[in-house]
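Below is the file entry_26.csv, which contains CSV, C-alpha atoms.
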chain,number,residue,atom,x,y,z
A,1,MET,CA,28.7,34.9,-8.1
A,2,ARG,CA,25.0,34.3,-8.6
A,3,ILE,CA,23.2,37.6,-7.7
A,4,VAL,CA,19.6,38.4,-7.1
A,5,PHE,CA,18.9,42.1,-7.4
A,6,MET,CA,16.2,43.9,-5.5
A,7,GLY,CA,15.3,47.5,-6.5
A,8,THR,CA,12.5,49.7,-7.7
A,9,PRO,CA,13.0,53.4,-8.7
A,10,ASP,CA,15.4,55.2,-11.0
A,11,PHE,CA,18.0,55.3,-8.2
A,12,ALA,CA,18.4,51.5,-8.5
A,13,VAL,CA,18.8,51.3,-12.3
A,14,PRO,CA,22.5,52.2,-12.5
A,15,SER,CA,23.3,49.5,-9.9
A,16,LEU,CA,21.5,46.9,-11.9
A,17,GLU,CA,23.0,48.0,-15.1
A,18,ALA,CA,26.5,47.9,-13.6
A,19,LEU,CA,26.0,44.4,-12.3
A,20,LEU,CA,24.9,43.3,-15.8
A,21,LYS,CA,28.2,44.7,-17.2
A,22,SER,CA,30.3,43.0,-14.5
A,23,GLU,CA,31.7,39.5,-14.3
A,24,GLU,CA,28.9,38.4,-11.9
A,25,THR,CA,25.6,36.7,-13.0
A,26,VAL,CA,22.3,38.3,-12.3
A,27,VAL,CA,20.0,35.3,-12.0
A,28,GLY,CA,16.8,37.2,-11.2
A,29,VAL,CA,15.3,40.5,-10.1
A,30,VAL,CA,12.7,41.4,-7.4
A,31,THR,CA,10.9,44.7,-7.8
A,32,GLN,CA,7.7,46.3,-6.5
A,33,PRO,CA,4.3,45.5,-8.2
A,34,ASP,CA,3.2,47.7,-11.0
A,35,ARG,CA,1.5,50.9,-9.8
A,36,PRO,CA,-1.1,53.2,-11.2
A,37,LYS,CA,0.5,56.2,-12.9
A,38,GLY,CA,-0.6,59.3,-14.7
A,39,ARG,CA,-4.0,60.8,-15.2
A,40,GLY,CA,-5.4,57.6,-16.5
A,41,GLN,CA,-4.0,55.6,-13.6
A,42,ALA,CA,-3.0,52.8,-15.8
A,43,LEU,CA,-0.6,50.2,-14.2
A,44,ALA,CA,3.0,51.1,-15.0
A,45,PRO,CA,6.1,49.0,-14.4
A,46,SER,CA,8.9,50.3,-12.2
A,47,PRO,CA,12.1,51.7,-13.8
A,48,VAL,CA,13.9,48.5,-12.7
A,49,LYS,CA,11.3,46.3,-14.3
A,50,LEU,CA,11.7,48.2,-17.5
A,51,VAL,CA,15.4,47.3,-17.5
A,52,CYS,CA,14.5,43.6,-16.9
A,53,GLN,CA,12.1,43.6,-19.8
A,54,ARG,CA,14.8,45.1,-22.0
A,55,GLU,CA,17.4,42.6,-20.9
A,56,GLY,CA,15.2,39.6,-20.7
A,57,LEU,CA,15.7,39.1,-16.9
A,58,PRO,CA,13.3,37.0,-14.8
A,59,VAL,CA,11.3,39.2,-12.5
A,60,LEU,CA,9.4,38.6,-9.3
A,61,GLN,CA,6.9,41.2,-7.9
A,62,PRO,CA,5.6,39.9,-4.6
A,63,LEU,CA,2.7,41.6,-2.8
A,64,LYS,CA,4.0,40.2,0.5
A,65,MET,CA,7.7,39.4,1.3
A,66,LYS,CA,6.8,36.4,3.4
A,67,ASP,CA,4.6,34.8,0.7
A,68,PRO,CA,5.6,31.1,0.6
A,69,ALA,CA,5.5,30.9,-3.3
A,70,PHE,CA,7.8,34.0,-3.5
A,71,LEU,CA,10.3,32.6,-1.0
A,72,GLN,CA,10.4,29.3,-2.8
A,73,ALA,CA,11.0,31.0,-6.2
A,74,LEU,CA,13.8,33.0,-4.5
A,75,LYS,CA,15.4,29.9,-3.2
A,76,GLU,CA,15.3,28.2,-6.6
A,77,TRP,CA,17.4,31.0,-8.0
A,78,GLN,CA,20.1,29.9,-5.5
A,79,PRO,CA,21.7,33.3,-5.0
A,80,ASP,CA,25.2,33.6,-3.5
A,81,VAL,CA,24.4,37.2,-2.6
A,82,ILE,CA,21.3,39.4,-2.7
A,83,VAL,CA,21.9,43.1,-3.6
A,84,VAL,CA,19.3,45.7,-2.5
A,85,ALA,CA,19.1,49.2,-3.8
A,86,ALA,CA,16.1,51.4,-3.0
A,87,PHE,CA,13.8,48.4,-3.1
A,88,GLY,CA,11.2,49.9,-0.7
A,89,ARG,CA,10.4,46.9,1.4
A,90,ILE,CA,11.7,45.4,4.6
A,91,LEU,CA,13.4,42.0,4.1
A,92,PRO,CA,12.3,39.3,6.6
A,93,SER,CA,14.9,37.0,8.2
A,94,ALA,CA,14.0,34.2,5.8
A,95,ILE,CA,15.5,36.3,3.0
A,96,LEU,CA,18.4,37.8,5.0
A,97,SER,CA,19.6,34.4,5.9
A,98,LEU,CA,19.2,32.8,2.4
A,99,PRO,CA,22.3,33.8,0.5
A,100,PRO,CA,25.7,32.4,1.8
A,101,LYS,CA,27.4,35.7,1.3
A,102,GLY,CA,24.5,37.8,2.8
A,103,CYS,CA,22.4,40.7,1.6
A,104,ILE,CA,24.2,43.9,0.6
A,105,ASN,CA,22.4,47.2,0.6
A,106,VAL,CA,23.4,50.3,-1.4
A,107,HIS,CA,22.4,53.2,0.9
A,108,ALA,CA,22.4,56.9,-0.1
A,109,SER,CA,24.1,58.3,3.0
A,110,LEU,CA,27.2,58.0,5.1
A,111,LEU,CA,25.9,55.7,7.7
A,112,PRO,CA,25.2,55.8,10.5
A,113,LYS,CA,23.8,59.2,9.5
A,114,TYR,CA,20.5,59.3,7.8
A,115,ARG,CA,19.1,55.8,8.3
A,116,GLY,CA,15.7,55.3,6.7
A,117,ALA,CA,13.8,55.9,3.5
A,118,GLY,CA,14.6,59.6,2.8
A,119,PRO,CA,18.4,60.1,3.2
A,120,ILE,CA,18.9,62.3,0.1
A,121,HIS,CA,16.0,64.6,0.9
A,122,TRP,CA,16.8,65.1,4.6
A,123,ALA,CA,20.5,65.7,3.9
A,124,ILE,CA,19.6,68.7,1.7
A,125,ILE,CA,16.8,69.9,4.0
A,126,ASN,CA,19.2,69.9,7.0
A,127,GLY,CA,21.7,71.9,5.1
A,128,GLU,CA,24.4,69.3,4.9
A,129,ARG,CA,27.4,70.1,2.6
A,130,GLU,CA,28.2,66.5,1.9
A,131,THR,CA,26.7,63.0,1.9
A,132,GLY,CA,27.6,59.8,0.2
A,133,ILE,CA,27.0,56.1,-0.5
A,134,THR,CA,27.4,53.3,1.9
A,135,THR,CA,27.4,49.6,1.0
A,136,MET,CA,26.6,47.4,4.0
A,137,LEU,CA,25.7,43.9,5.1
A,138,MET,CA,22.0,44.0,5.9
A,139,ASP,CA,20.6,42.8,9.2
A,140,GLU,CA,17.1,42.9,10.7
A,141,GLY,CA,17.5,46.6,11.8
A,142,MET,CA,16.7,49.7,9.8
A,143,ASP,CA,20.1,50.4,8.0
A,144,THR,CA,22.0,49.1,11.1
A,145,GLY,CA,24.2,46.5,9.4
A,146,ALA,CA,28.0,46.5,9.2
A,147,ILE,CA,29.6,48.9,6.8
A,148,LEU,CA,31.5,47.5,3.8
A,149,LEU,CA,32.6,50.6,1.8
A,150,GLN,CA,31.8,54.3,1.8
A,151,GLU,CA,32.4,57.2,-0.6
A,152,THR,CA,31.7,60.9,0.1
A,153,VAL,CA,29.9,63.1,-2.4
A,154,PRO,CA,29.6,66.9,-2.0
A,155,ILE,CA,26.2,68.6,-2.0
A,156,GLU,CA,26.4,71.6,-4.3
A,157,PRO,CA,24.4,74.8,-3.4
A,158,ASP,CA,22.0,74.2,-6.3
A,159,ASP,CA,21.5,70.5,-5.9
A,160,THR,CA,18.0,69.3,-5.5
A,161,ALA,CA,16.9,65.8,-4.3
A,162,GLY,CA,16.5,64.9,-7.9
A,163,THR,CA,20.0,66.0,-9.1
A,164,LEU,CA,21.7,64.6,-6.0
A,165,SER,CA,19.9,61.3,-6.4
A,166,ALA,CA,21.2,61.0,-9.9
A,167,LYS,CA,24.8,61.6,-8.8
A,168,LEU,CA,24.6,59.2,-5.9
A,169,ALA,CA,23.0,56.5,-8.1
A,170,GLN,CA,26.1,56.5,-10.3
A,171,VAL,CA,28.5,56.4,-7.3
A,172,GLY,CA,26.4,53.6,-5.8
A,173,ALA,CA,26.7,51.5,-8.9
A,174,ARG,CA,30.5,51.8,-9.0
A,175,LEU,CA,30.9,51.2,-5.3
A,176,LEU,CA,28.6,48.2,-5.5
A,177,VAL,CA,30.8,46.5,-8.1
A,178,ASP,CA,33.9,47.3,-6.1
A,179,THR,CA,32.2,45.9,-3.0
A,180,LEU,CA,31.4,42.6,-4.8
A,181,CYS,CA,34.9,42.3,-6.2
A,182,ARG,CA,36.5,42.7,-2.8
A,183,LEU,CA,33.9,40.4,-1.2
A,184,LYS,CA,34.7,37.6,-3.6
A,185,ALA,CA,38.4,38.2,-3.1
A,186,GLY,CA,38.0,37.9,0.6
A,187,THR,CA,39.6,41.3,1.2
A,188,LEU,CA,36.6,43.1,2.7
A,189,VAL,CA,36.3,43.5,6.4
A,190,PRO,CA,32.9,44.6,7.6
A,191,SER,CA,32.9,47.5,10.1
A,192,PRO,CA,30.2,47.8,12.8
A,193,GLN,CA,28.3,51.1,12.9
A,194,ASP,CA,28.6,53.4,15.8
A,195,HIS,CA,24.9,53.4,16.8
A,196,ALA,CA,25.4,56.4,19.1
A,197,GLN,CA,26.1,58.6,16.0
A,198,ALA,CA,22.9,57.5,14.2
A,199,THR,CA,20.4,59.9,12.8
A,200,MET,CA,17.1,59.1,11.0
A,201,ALA,CA,15.7,60.0,7.6
A,202,PRO,CA,12.0,59.0,7.8
A,203,PRO,CA,9.8,58.7,4.7
A,204,LEU,CA,8.4,62.0,3.4
A,205,LYS,CA,4.7,62.9,3.2
A,206,LYS,CA,3.0,65.5,1.0
A,207,GLU,CA,2.3,67.7,4.0
A,208,ASP,CA,6.1,67.9,4.7
A,209,GLY,CA,6.1,70.3,1.7
A,210,LEU,CA,4.0,73.0,3.4
A,211,ILE,CA,6.3,76.0,3.9
A,212,ASP,CA,6.5,77.4,7.4
A,213,TRP,CA,7.3,81.1,6.8
A,214,SER,CA,8.4,81.6,10.4
A,215,ARG,CA,11.5,79.6,9.7
A,216,PRO,CA,14.7,81.3,8.4
A,217,ALA,CA,15.0,81.9,4.7
A,218,VAL,CA,18.0,79.6,4.4
A,219,GLU,CA,16.1,76.8,6.0
A,220,ILE,CA,13.1,77.3,3.6
A,221,ALA,CA,15.4,77.4,0.6
A,222,ASN,CA,17.0,74.1,1.7
A,223,ARG,CA,13.5,72.6,2.1
A,224,VAL,CA,12.5,73.7,-1.4
A,225,ARG,CA,15.6,72.0,-2.8
A,226,GLY,CA,15.3,68.9,-0.7
A,227,LEU,CA,11.7,68.3,-1.7
A,228,ALA,CA,12.2,68.7,-5.4
A,229,PRO,CA,10.9,66.9,-7.4
A,230,TRP,CA,8.8,65.1,-4.8
A,231,PRO,CA,6.7,65.9,-2.8
A,232,GLY,CA,7.4,69.5,-3.6
A,233,ALA,CA,7.4,72.6,-1.4
A,234,TYR,CA,4.2,74.6,-1.4
A,235,THR,CA,2.4,77.5,0.1
A,236,PHE,CA,-1.0,79.2,-0.4
A,237,ALA,CA,-1.9,82.6,-1.8
A,238,GLY,CA,-5.4,82.9,-0.4
A,239,ASP,CA,-7.1,79.7,-1.6
A,240,THR,CA,-4.6,79.1,-4.4
A,241,LEU,CA,-1.8,76.6,-3.9
A,242,TRP,CA,1.6,77.5,-5.2
A,243,LYS,CA,4.4,75.0,-5.6
A,244,ILE,CA,7.8,76.6,-5.1
A,245,TRP,CA,10.5,75.0,-7.3
A,246,LYS,CA,13.4,77.4,-6.9
A,247,ALA,CA,14.1,79.9,-4.2
A,248,ALA,CA,17.2,81.3,-2.4
A,249,PRO,CA,17.9,83.5,0.6
A,250,THR,CA,18.7,87.1,-0.4
A,251,ASP,CA,19.6,90.4,1.2
A,252,GLY,CA,17.1,93.3,1.7
A,253,PRO,CA,15.2,95.2,4.3
A,254,ILE,CA,12.1,93.5,5.9
A,255,ASP,CA,10.9,96.3,8.2
A,256,LYS,CA,9.4,93.8,10.7
A,257,ALA,CA,7.1,92.3,8.1
A,258,LEU,CA,4.9,89.4,9.1
A,259,PRO,CA,6.6,86.1,7.9
A,260,GLY,CA,5.1,85.1,4.6
A,261,THR,CA,4.5,88.7,3.4
A,262,VAL,CA,5.3,89.5,-0.2
A,263,ILE,CA,7.4,92.6,0.3
A,264,GLY,CA,8.7,93.2,-3.2
A,265,LEU,CA,8.5,92.1,-6.9
A,266,ALA,CA,11.7,92.1,-8.9
A,267,LYS,CA,11.9,91.5,-12.6
A,268,ASP,CA,12.6,87.8,-12.1
A,269,ALA,CA,11.8,87.2,-8.5
A,270,ILE,CA,9.1,87.4,-5.8
A,271,LEU,CA,10.6,88.6,-2.5
A,272,VAL,CA,9.0,87.1,0.7
A,273,ALA,CA,9.6,87.9,4.3
A,274,THR,CA,10.6,84.9,6.6
A,275,GLY,CA,11.3,84.4,10.2
A,276,ASN,CA,14.9,85.5,9.4
A,277,GLY,CA,15.8,87.1,6.1
A,278,LEU,CA,14.2,87.4,2.7
A,279,LEU,CA,13.4,84.5,0.4
A,280,SER,CA,13.7,85.1,-3.4
A,281,ILE,CA,11.3,82.9,-5.3
A,282,THR,CA,12.5,82.4,-8.9
A,283,GLU,CA,10.4,79.4,-10.1
A,284,ILE,CA,6.8,78.7,-9.3
A,285,GLN,CA,3.8,76.6,-10.3
A,286,PRO,CA,0.3,77.8,-9.5
A,287,ALA,CA,-2.4,75.2,-9.1
A,288,ASN,CA,-3.7,73.8,-12.4
A,289,SER,CA,-0.8,75.5,-14.3
A,290,ARG,CA,2.6,74.7,-15.6
A,291,ARG,CA,5.9,75.2,-13.9
A,292,MET,CA,7.3,78.7,-14.8
A,293,THR,CA,9.9,81.3,-13.9
A,294,ALA,CA,8.8,84.1,-11.6
A,295,ALA,CA,9.1,86.5,-14.5
A,296,GLU,CA,6.6,84.5,-16.5
A,297,PHE,CA,4.3,84.3,-13.5
A,298,LEU,CA,4.4,88.0,-12.8
A,299,ALA,CA,3.6,88.7,-16.5
A,300,GLY,CA,0.4,86.8,-16.3
A,301,HIS,CA,-0.8,87.0,-12.7
A,302,ARG,CA,-1.7,89.9,-10.4
A,303,LEU,CA,0.3,90.0,-7.3
A,304,SER,CA,0.9,93.0,-5.0
A,305,PRO,CA,3.3,93.6,-2.2
A,306,GLY,CA,1.6,93.2,1.2
A,307,GLN,CA,-0.1,89.9,0.3
A,308,VAL,CA,0.5,87.3,3.0
A,309,LEU,CA,1.3,83.7,2.0
A,310,GLY,CA,0.4,80.9,4.3
A,311,ALA,CA,-1.2,77.6,5.1
A,312,GLY,CA,-4.3,78.1,3.0
A,313,PRO,CA,-7.8,76.7,3.5
A,314,LYS,CA,-6.6,73.2,4.2
A,315,VAL,CA,-3.1,72.0,5.3
A,316,GLY,CA,-1.8,69.3,2.9
A,317,ARG,CA,-4.4,70.0,0.3
Could you express the structure from this file as structure tokens?
Amino acid sequence: MRIVFMGTPDFAVPSLEALLKSEETVVGVVTQPDRPKGRGQALAPSPVKLVCQREGLPVLQPLKMKDPAFLQALKEWQPDVIVVAAFGRILPSAILSLPPKGCINVHASLLPKYRGAGPIHWAIINGERETGITTMLMDEGMDTGAILLQETVPIEPDDTAGTLSAKLAQVGARLLVDTLCRLKAGTLVPSPQDHAQATMAPPLKKEDGLIDWSRPAVEIANRVRGLAPWPGAYTFAGDTLWKIWKAAPTDGPIDKALPGTVIGLAKDAILVATGNGLLSITEIQPANSRRMTAAEFLAGHRLSPGQVLGAGPKVGR
């Protein structure tokens, strides 16, 4: 089959590489335009574009998905199927109806749960113990198309959005190739989603990382994991922003302390009262500094029990 691949971030790379090793033919790739990156804000290609440059694949980077020149170029590739993995744009009907075998999406959840742009993050934030990959036939809805194949993946207690994304990307690549093989053989029967069971996973914003210390410790710890590496969970010590990279609920007396109060300093942890239980912070990054263990932080910064962490001078700063 002639395949057009659409994808942008690291998550999409294993799927593209798996297609290149398969019996199918990748005739072209669509990815997001180059974006400013780093302190110098120089334009940088997406991870998917880097693969295309390495493999000599033709690439399109449309600013608008309905651009006539882009749609014409896409038609000239004559795809039998379009594969989408974390592309980051909504496909108009003109693209969805173009390939004879449809558009197939590699989605990082067990649909209909966690439809939307942030399925990996929200699964961890919400304390799920498992998630997975779904391949589906795309329609004009938000992840509402018929399911082709699914595979469950456990969420380990120490998984972050970053580590879980890497695992799911590998599963997605394998499931995609299996999906295409079965599709070509005519043995795949699409299964409509049960829309009544659907949940959403909206895009994350920087302000979603602000820690609400009135929440239970286990919920805060899940949010820290679910927001790593981006956008990152954070709080304020006075006017100073702290990013919290590793934290876990722990046992210990709180004595009715105000949520957010630093109640103890261990050798390798900062203990903070929450709305229910204690949170043990073991990895932290103060503003304008590097990421470090709590032990390293305490060796070089003054911190006393009784200090209250909170929203700071400006929420989302």
Hey, what's within 12 Å of range 281-292 of chain A if we count all atoms listed in the file and toss same-chain stuff fewer than 3 positions away? As a PyMOL selection string, please? chain A and resi 217+220-221+224-225+228-229+232-250+260+262-273+278+295-301+317
Give me a file of those residues, with C-alpha atoms, as a short mmCIF file (atom, residue, chain, number, x, y, z; two decimals), in the frame of the given file.
data_model
loop_
_atom_site.label_atom_id
_atom_site.label_comp_id
_atom_site.auth_asym_id
_atom_site.auth_seq_id
_atom_site.Cartn_x
_atom_site.Cartn_y
_atom_site.Cartn_z
CA ALA A 217 15.00 81.90 4.70
CA ILE A 220 13.10 77.30 3.60
CA ALA A 221 15.40 77.40 0.60
CA VAL A 224 12.50 73.70 -1.40
CA ARG A 225 15.60 72.00 -2.80
CA ALA A 228 12.20 68.70 -5.40
CA PRO A 229 10.90 66.90 -7.40
CA GLY A 232 7.40 69.50 -3.60
CA ALA A 233 7.40 72.60 -1.40
CA TYR A 234 4.20 74.60 -1.40
CA THR A 235 2.40 77.50 0.10
CA PHE A 236 -1.00 79.20 -0.40
CA ALA A 237 -1.90 82.60 -1.80
CA GLY A 238 -5.40 82.90 -0.40
CA ASP A 239 -7.10 79.70 -1.60
CA THR A 240 -4.60 79.10 -4.40
CA LEU A 241 -1.80 76.60 -3.90
CA TRP A 242 1.60 77.50 -5.20
CA LYS A 243 4.40 75.00 -5.60
CA ILE A 244 7.80 76.60 -5.10
CA TRP A 245 10.50 75.00 -7.30
CA LYS A 246 13.40 77.40 -6.90
CA ALA A 247 14.10 79.90 -4.20
CA ALA A 248 17.20 81.30 -2.40
CA PRO A 249 17.90 83.50 0.60
CA THR A 250 18.70 87.10 -0.40
CA GLY A 260 5.10 85.10 4.60
CA VAL A 262 5.30 89.50 -0.20
CA ILE A 263 7.40 92.60 0.30
CA GLY A 264 8.70 93.20 -3.20
CA LEU A 265 8.50 92.10 -6.90
CA ALA A 266 11.70 92.10 -8.90
CA LYS A 267 11.90 91.50 -12.60
CA ASP A 268 12.60 87.80 -12.10
CA ALA A 269 11.80 87.20 -8.50
CA ILE A 270 9.10 87.40 -5.80
CA LEU A 271 10.60 88.60 -2.50
CA VAL A 272 9.00 87.10 0.70
CA ALA A 273 9.60 87.90 4.30
CA LEU A 278 14.20 87.40 2.70
CA ALA A 295 9.10 86.50 -14.50
CA GLU A 296 6.60 84.50 -16.50
CA PHE A 297 4.30 84.30 -13.50
CA LEU A 298 4.40 88.00 -12.80
CA ALA A 299 3.60 88.70 -16.50
CA GLY A 300 0.40 86.80 -16.30
CA HIS A 301 -0.80 87.00 -12.70
CA ARG A 317 -4.40 70.00 0.30
#
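Interatomic distance, CA of Gln61 in chain A against CA of Leu183 in chain A: 27.8 Å.
The nearest approach to Ala201 in chain A among the residues A:Val218, A:Leu227, A:Ala117, A:Met136, with all atoms listed in the file taken into account, belongs to A:Ala117.
Across A:Gly56, A:Gly28, A:Pro36, A:Pro305, the tightest approach to Pro79 in chain A is made by A:Gly28 when counting only C-alpha atoms.
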Could you give me, as a ChimeraX atom specification, the residues within 10 Å of Leu16 in chain A, counting all atoms listed in the file and dropping anything in the same chain fewer than 2 positions from it? /A:4-7,11-14,18-22,26,29,48,51-52,83-85,173,176
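The closest residue to Asp67 in chain A, picked from A:Thr163, A:Glu219, A:Glu128, A:Pro92 and counting all atoms listed in the file, is A:Pro92.
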Write out as JSON lines a residue-level contact list of range 132-154 of chain A versus range 108-111 of chain A with cut-off 6 Å: for each qualifying residue the closest pair of atoms and the distance in Å to one decimal, counting all atoms listed in the file, rows sorted by chain and residue number upward.
{"residue": "A:Gly132", "atom": "CA", "partner": "A:Ser109", "partner_atom": "CA", "distance": 4.7}
{"residue": "A:Ile133", "atom": "CA", "partner": "A:Ala108", "partner_atom": "CA", "distance": 4.7}
{"residue": "A:Thr134", "atom": "CA", "partner": "A:Leu110", "partner_atom": "CA", "distance": 5.7}
Write the residues of the selection above to a file with C-alpha atoms, as a tab-separated table (two decimals), keeping the file's coordinate frame.
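Saved to again.tsv:
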chain	number	residue	atom	x	y	z
A	132	GLY	CA	27.60	59.80	0.20
A	133	ILE	CA	27.00	56.10	-0.50
A	134	THR	CA	27.40	53.30	1.90
Interatomic distance (Å, one decimal) between CA of Leu309 in chain A and CA of Trp213 in chain A: 8.1 Å
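The shortest atom-to-atom distance to Asn105 in chain A, with all atoms listed in the file taken into account, belongs to A:Leu91 out of A:Pro259, A:Arg35, A:Leu91, A:Gly312.
As for CA of Ser93 in chain A and CA of Ala185 in chain A, they are spaced 26.1 Å apart.
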